[in-house]
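File shown: start_12.txt (compact mmCIF, C-alpha atoms).
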```
# COMPACT_ATOMS: atom_id res chain seq x y z
CA MET P 1439 24.69 -31.55 -10.35
CA ASN P 1440 21.66 -30.16 -8.56
CA ASN P 1441 20.24 -27.16 -10.45
CA SER P 1442 17.11 -26.80 -8.33
CA ASN P 1443 16.46 -23.46 -6.72
CA PRO P 1444 16.70 -23.17 -2.94
CA PRO P 1445 13.36 -23.35 -1.13
CA ALA P 1446 11.54 -20.03 -1.03
CA LYS P 1447 11.83 -18.07 2.19
CA PRO P 1448 8.56 -18.26 4.16
CA THR P 1449 6.52 -15.09 3.73
CA MET P 1450 6.02 -13.05 6.87
CA ASP P 1451 2.43 -12.83 8.01
CA TYR P 1452 2.03 -9.04 8.00
CA ALA P 1453 -1.56 -9.23 9.24
CA GLN P 1454 -0.48 -11.20 12.31
CA LEU P 1455 2.38 -8.78 12.91
CA LEU P 1456 0.01 -5.83 12.59
CA GLU P 1457 -2.28 -7.31 15.22
CA ALA P 1458 0.69 -7.60 17.59
CA LEU P 1459 1.69 -3.98 16.88
CA ASN P 1460 -1.84 -2.79 17.57
CA ARG P 1461 -1.49 -4.23 21.09
CA ALA P 1462 1.84 -2.48 21.65
CA SER P 1463 2.17 0.84 23.47
CA THR P 1464 3.39 3.92 21.64
CA PHE P 1465 6.70 3.66 23.49
CA ASP P 1466 7.01 0.00 22.44
CA LEU P 1467 6.54 1.06 18.83
CA PHE P 1468 9.17 3.77 19.20
CA ARG P 1469 11.62 1.26 20.72
CA LEU P 1470 10.97 -1.22 17.91
CA ASN P 1471 11.39 1.52 15.34
CA ALA P 1472 14.83 2.40 16.73
CA MET P 1473 15.89 -1.25 16.57
CA ILE P 1474 14.57 -1.70 13.04
CA ASP P 1475 16.29 1.47 11.83
CA ARG P 1476 19.63 0.13 13.07
CA GLU P 1477 19.05 -3.21 11.35
CA LEU P 1478 18.08 -1.54 8.07
CA GLU P 1479 21.28 0.53 8.09
CA SER P 1480 23.49 -2.44 9.06
CA SER P 1481 26.53 -2.64 6.75
CA GLU P 1482 26.38 -6.42 7.08
CA ARG P 1483 22.80 -6.55 5.79
CA ILE P 1484 23.54 -4.08 3.02
CA GLY P 1485 26.54 -6.17 1.99
CA ARG P 1486 24.39 -9.33 1.74
CA ILE P 1487 21.81 -7.52 -0.39
CA LYS P 1488 24.45 -6.07 -2.74
CA ALA P 1489 26.02 -9.50 -3.15
CA ALA P 1490 22.67 -10.89 -4.28
CA LEU P 1491 22.08 -8.16 -6.88
CA THR P 1492 23.32 -7.84 -10.44
CA ILE P 1493 23.17 -4.94 -12.89
CA GLY P 1494 20.17 -5.41 -15.17
CA GLN P 1495 18.31 -7.54 -12.62
CA LYS P 1496 14.55 -7.08 -12.72
CA LEU P 1497 12.67 -7.19 -9.43
CA SER P 1498 10.38 -4.95 -7.40
CA TYR P 1499 10.62 -2.49 -4.55
CA PHE P 1500 8.05 -1.36 -2.00
CA ASP P 1501 6.78 2.18 -2.44
CA ARG P 1502 5.58 3.54 0.88
CA SER P 1503 3.44 6.34 -0.55
CA SER P 1504 1.31 4.03 -2.70
CA ASN P 1505 1.59 1.10 -0.25
CA SER P 1506 2.42 -1.20 -3.15
CA LEU P 1507 5.20 -2.94 -5.07
CA ARG P 1508 6.68 -1.28 -8.16
CA ASN P 1509 8.60 -3.22 -10.80
CA CYS P 1510 12.08 -1.99 -11.60
CA GLU P 1511 15.48 -2.80 -13.09
CA VAL P 1512 18.78 -2.39 -11.23
CA LEU P 1513 21.03 0.11 -13.04
CA GLN P 1514 23.80 0.75 -10.54
CA LEU P 1515 24.94 -0.43 -7.11
CA ARG P 1516 26.12 2.43 -4.90
CA GLN P 1517 27.44 2.40 -1.37
CA LYS P 1518 24.10 2.65 0.44
CA ARG P 1519 21.59 2.87 -2.39
CA ALA P 1520 20.68 1.17 -5.63
CA LEU P 1521 19.90 3.18 -8.75
CA VAL P 1522 16.84 1.61 -10.37
CA LEU P 1523 14.62 2.29 -13.36
CA ASP P 1524 11.01 2.32 -12.22
CA PHE P 1525 8.84 0.69 -14.91
CA THR P 1526 5.73 2.41 -13.54
CA ASP P 1527 6.79 6.02 -14.06
CA GLY P 1528 9.85 5.51 -16.29
CA LYS P 1529 12.06 7.45 -13.86
CA ARG P 1530 15.38 6.57 -12.25
CA TRP P 1531 15.37 6.43 -8.47
CA ALA P 1532 18.21 5.98 -5.98
CA ILE P 1533 16.57 3.88 -3.29
CA PRO P 1534 17.87 2.32 -0.06
CA TYR P 1535 18.71 -1.37 -0.50
CA TYR P 1536 16.18 -2.42 2.12
CA MET P 1537 13.31 -1.30 -0.14
CA LEU P 1538 14.15 -4.00 -2.71
CA ASN P 1539 11.98 -7.12 -2.60
CA LEU P 1540 14.72 -9.71 -3.19
CA GLU P 1541 12.68 -12.69 -2.00
CA GLY P 1542 9.63 -11.77 -4.08
CA ALA P 1543 7.59 -11.59 -0.87
CA ASP P 1544 3.85 -11.01 -0.97
CA THR P 1545 3.58 -7.61 0.71
CA ARG P 1546 -0.20 -7.48 0.89
CA VAL P 1547 -1.61 -7.21 4.39
CA ASN P 1548 -4.54 -9.59 4.20
CA HIS P 1549 -6.18 -8.03 7.20
CA GLU P 1550 -9.73 -6.76 7.27
CA THR P 1551 -11.28 -5.16 10.28
CA GLN P 1552 -14.74 -6.18 11.42
CA ARG P 1553 -16.04 -3.16 9.57
CA GLY P 1554 -14.31 -1.93 6.46
CA LEU P 1555 -10.68 -2.35 5.47
CA SER P 1556 -7.44 -1.64 7.28
CA ARG P 1557 -5.31 1.20 5.94
CA HIS P 1558 -2.42 -1.24 5.67
CA ALA P 1559 -4.44 -3.54 3.40
CA ILE P 1560 -5.11 -0.92 0.71
CA ALA P 1561 -2.82 0.25 -2.09
CA VAL P 1562 -3.11 2.99 -4.68
CA GLY P 1563 -4.79 1.48 -7.74
CA ASP P 1564 -6.96 -1.00 -5.80
CA LEU P 1565 -10.58 -1.33 -6.89
CA LEU P 1566 -12.85 -0.85 -3.87
CA GLY P 1567 -16.56 -0.54 -3.25
CA PHE P 1568 -18.90 1.39 -0.95
CA LYS P 1569 -22.54 2.52 -0.71
CA ASP P 1570 -23.61 6.13 -0.93
CA LYS P 1571 -26.28 7.76 1.26
CA HIS P 1572 -28.99 6.45 -1.07
CA ARG P 1573 -27.65 2.91 -0.55
CA GLU P 1574 -26.53 2.80 -4.16
CA GLU P 1575 -23.46 0.69 -4.78
CA ARG P 1576 -20.44 2.47 -6.20
CA PHE P 1577 -16.91 1.41 -6.99
CA GLY P 1578 -13.70 3.17 -7.87
CA HIS P 1579 -9.94 2.98 -7.93
CA VAL P 1580 -7.83 4.33 -5.06
CA ILE P 1581 -5.90 7.40 -6.14
CA ARG P 1582 -4.74 8.62 -2.71
CA LEU P 1583 -4.29 7.23 0.80
CA ASN P 1584 -5.23 9.82 3.44
CA THR P 1585 -4.90 9.59 7.21
CA LYS P 1586 -8.52 8.60 7.90
CA SER P 1587 -9.90 8.00 4.42
CA VAL P 1588 -9.06 7.14 0.83
CA THR P 1589 -9.76 9.18 -2.28
CA LEU P 1590 -11.50 7.11 -4.94
CA GLN P 1591 -11.98 7.90 -8.60
CA VAL P 1592 -15.58 6.84 -9.30
CA ALA P 1593 -16.43 7.36 -12.97
CA GLU P 1594 -15.93 11.11 -13.54
CA ARG P 1595 -16.04 12.05 -9.85
CA ARG P 1596 -13.84 11.69 -6.79
CA TRP P 1597 -15.08 10.50 -3.42
CA ARG P 1598 -13.35 10.66 -0.05
CA VAL P 1599 -14.41 7.59 1.92
CA ALA P 1600 -13.50 6.38 5.42
CA TYR P 1601 -11.61 3.07 5.62
CA SER P 1602 -14.40 1.61 7.76
CA LEU P 1603 -16.88 1.93 4.88
CA LEU P 1604 -14.88 0.21 2.17
CA TYR P 1605 -14.86 -3.34 0.83
CA ARG P 1606 -13.05 -5.15 -1.93
CA VAL P 1607 -14.60 -5.54 -5.36
CA LEU P 1608 -14.08 -8.91 -7.04
CA ASP P 1609 -12.89 -9.08 -10.64
CA GLY P 1610 -15.85 -8.74 -12.94
CA GLN P 1611 -18.10 -7.18 -10.30
CA GLY P 1612 -19.73 -4.08 -11.74
CA ASN P 1613 -18.26 -2.29 -14.75
CA GLN P 1614 -16.44 0.92 -15.47
CA GLU P 1615 -19.53 2.58 -16.94
CA GLU P 1616 -21.36 2.44 -13.62
CA GLU P 1617 -20.71 3.83 -10.18
CA LEU P 1618 -20.55 1.45 -7.18
CA LEU P 1619 -20.43 1.27 -3.16
CA ILE P 1620 -20.66 3.39 0.69
CA ASP P 1621 -22.46 5.74 3.04
CA GLY P 1622 -21.38 9.19 1.91
CA GLU P 1623 -22.75 12.70 1.79
CA ARG P 1624 -22.22 15.50 -0.68
CA PRO P 1625 -20.25 18.47 0.75
CA ASP P 1626 -23.37 20.66 1.04
CA GLN P 1627 -25.03 18.02 3.22
CA TYR P 1628 -21.95 17.04 5.18
CA ASN P 1629 -22.05 16.46 8.93
CA GLU P 1630 -19.57 14.99 11.37
CA ALA P 1631 -21.39 11.70 11.62
CA VAL P 1632 -20.82 11.00 7.93
CA GLN P 1633 -17.66 9.11 7.03
CA GLY P 1634 -17.52 9.71 3.28
CA SER P 1635 -18.02 12.67 0.99
CA LEU P 1636 -18.12 13.48 -2.70
CA LEU P 1637 -15.32 15.75 -3.85
CA GLU P 1638 -16.42 18.26 -6.47
```
Please render this file's structure as structure tokens.
Amino acid sequence: MNNSNPPAKPTMDYAQLLEALNRASTFDLFRLNAMIDRELESSERIGRIKAALTIGQKLSYFDRSSNSLRNCEVLQLRQKRALVLDFTDGKRWAIPYYMLNLEGADTRVNHETQRGLSRHAIAVGDLLGFKDKHREERFGHVIRLNTKSVTLQVAERRWRVAYSLLYRVLDGQGNQEEELLIDGERPDQYNEAVQGSLLE
């Protein structure tokens, strides 16, 4: 009897897909969105997902607001949603089945623009670096994703920094006692040309 697991499903290259979407017109994106919405709500797809789930199963789901995966446990299978216990916040959430990461896919978008990082490549909790206006390196953890910038917790202060000014910090680079990396201005010296600012 063959007890080996089936081969893993190939992971979608989100960075490549993002590049294709960036070339699409706004109408193209709207048309794709309508098609995707129909597929996500397909009773056939929902049925396949439910058949692959069991009560007590531990997996992850993709949280759009933090742009990251959150570990959870399946508590109940409802008609169009699964009730899960989120291990991050300890709360129970009824989430659409399509948010569940059944295949264990790597959801990171390994896409970096020529300057800075793409919004799609950053998640809440990531450690990122930048340089302030004095060219001093600073680093901090992402606490919020904004439309044109991220909010970073840098030591005891918060900075709002444009995506174009950010870079990844490798494990072991810098330490939590110091402040690290980007071109930013304090609010009292702010001008439109500056991409980052210190939040008091």
Polymer residues at most 7 Å from (15.3, -7.6, -3.8) by all atoms listed in the file, as an MDAnalysis selection string: chainID P and resid 1497:1499 1538:1541
Would you write out those residues with C-alpha atoms, as a short mmCIF file (atom, residue, chain, number, x, y, z; two decimals), in the frame of the given file?
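Written out: part02.cif:
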```cif
data_model
loop_
_atom_site.label_atom_id
_atom_site.label_comp_id
_atom_site.auth_asym_id
_atom_site.auth_seq_id
_atom_site.Cartn_x
_atom_site.Cartn_y
_atom_site.Cartn_z
CA LEU P 1497 12.67 -7.19 -9.43
CA SER P 1498 10.38 -4.95 -7.40
CA TYR P 1499 10.62 -2.49 -4.55
CA LEU P 1538 14.15 -4.00 -2.71
CA ASN P 1539 11.98 -7.12 -2.60
CA LEU P 1540 14.72 -9.71 -3.19
CA GLU P 1541 12.68 -12.69 -2.00
#
```
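If only C-alpha atoms are the atoms counted, then among P:Arg1519, P:Asn1505, P:Asp1466, P:Asp1570 the closest residue to P:Asn1584 is P:Asn1505.
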Might you pull out every residue within 12 Å of P:Ala1561, with all atoms listed in the file counted and same-chain residues fewer than 5 positions away left off, and present them as number ranges by chain? P: 1500-1508, 1545-1548, 1555-1556, 1566, 1579-1584, 1588-1590, 1606
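A straight line drawn from atom CA of P:Arg1573 to atom CA of P:Ala1559 is 24.4 Å long.
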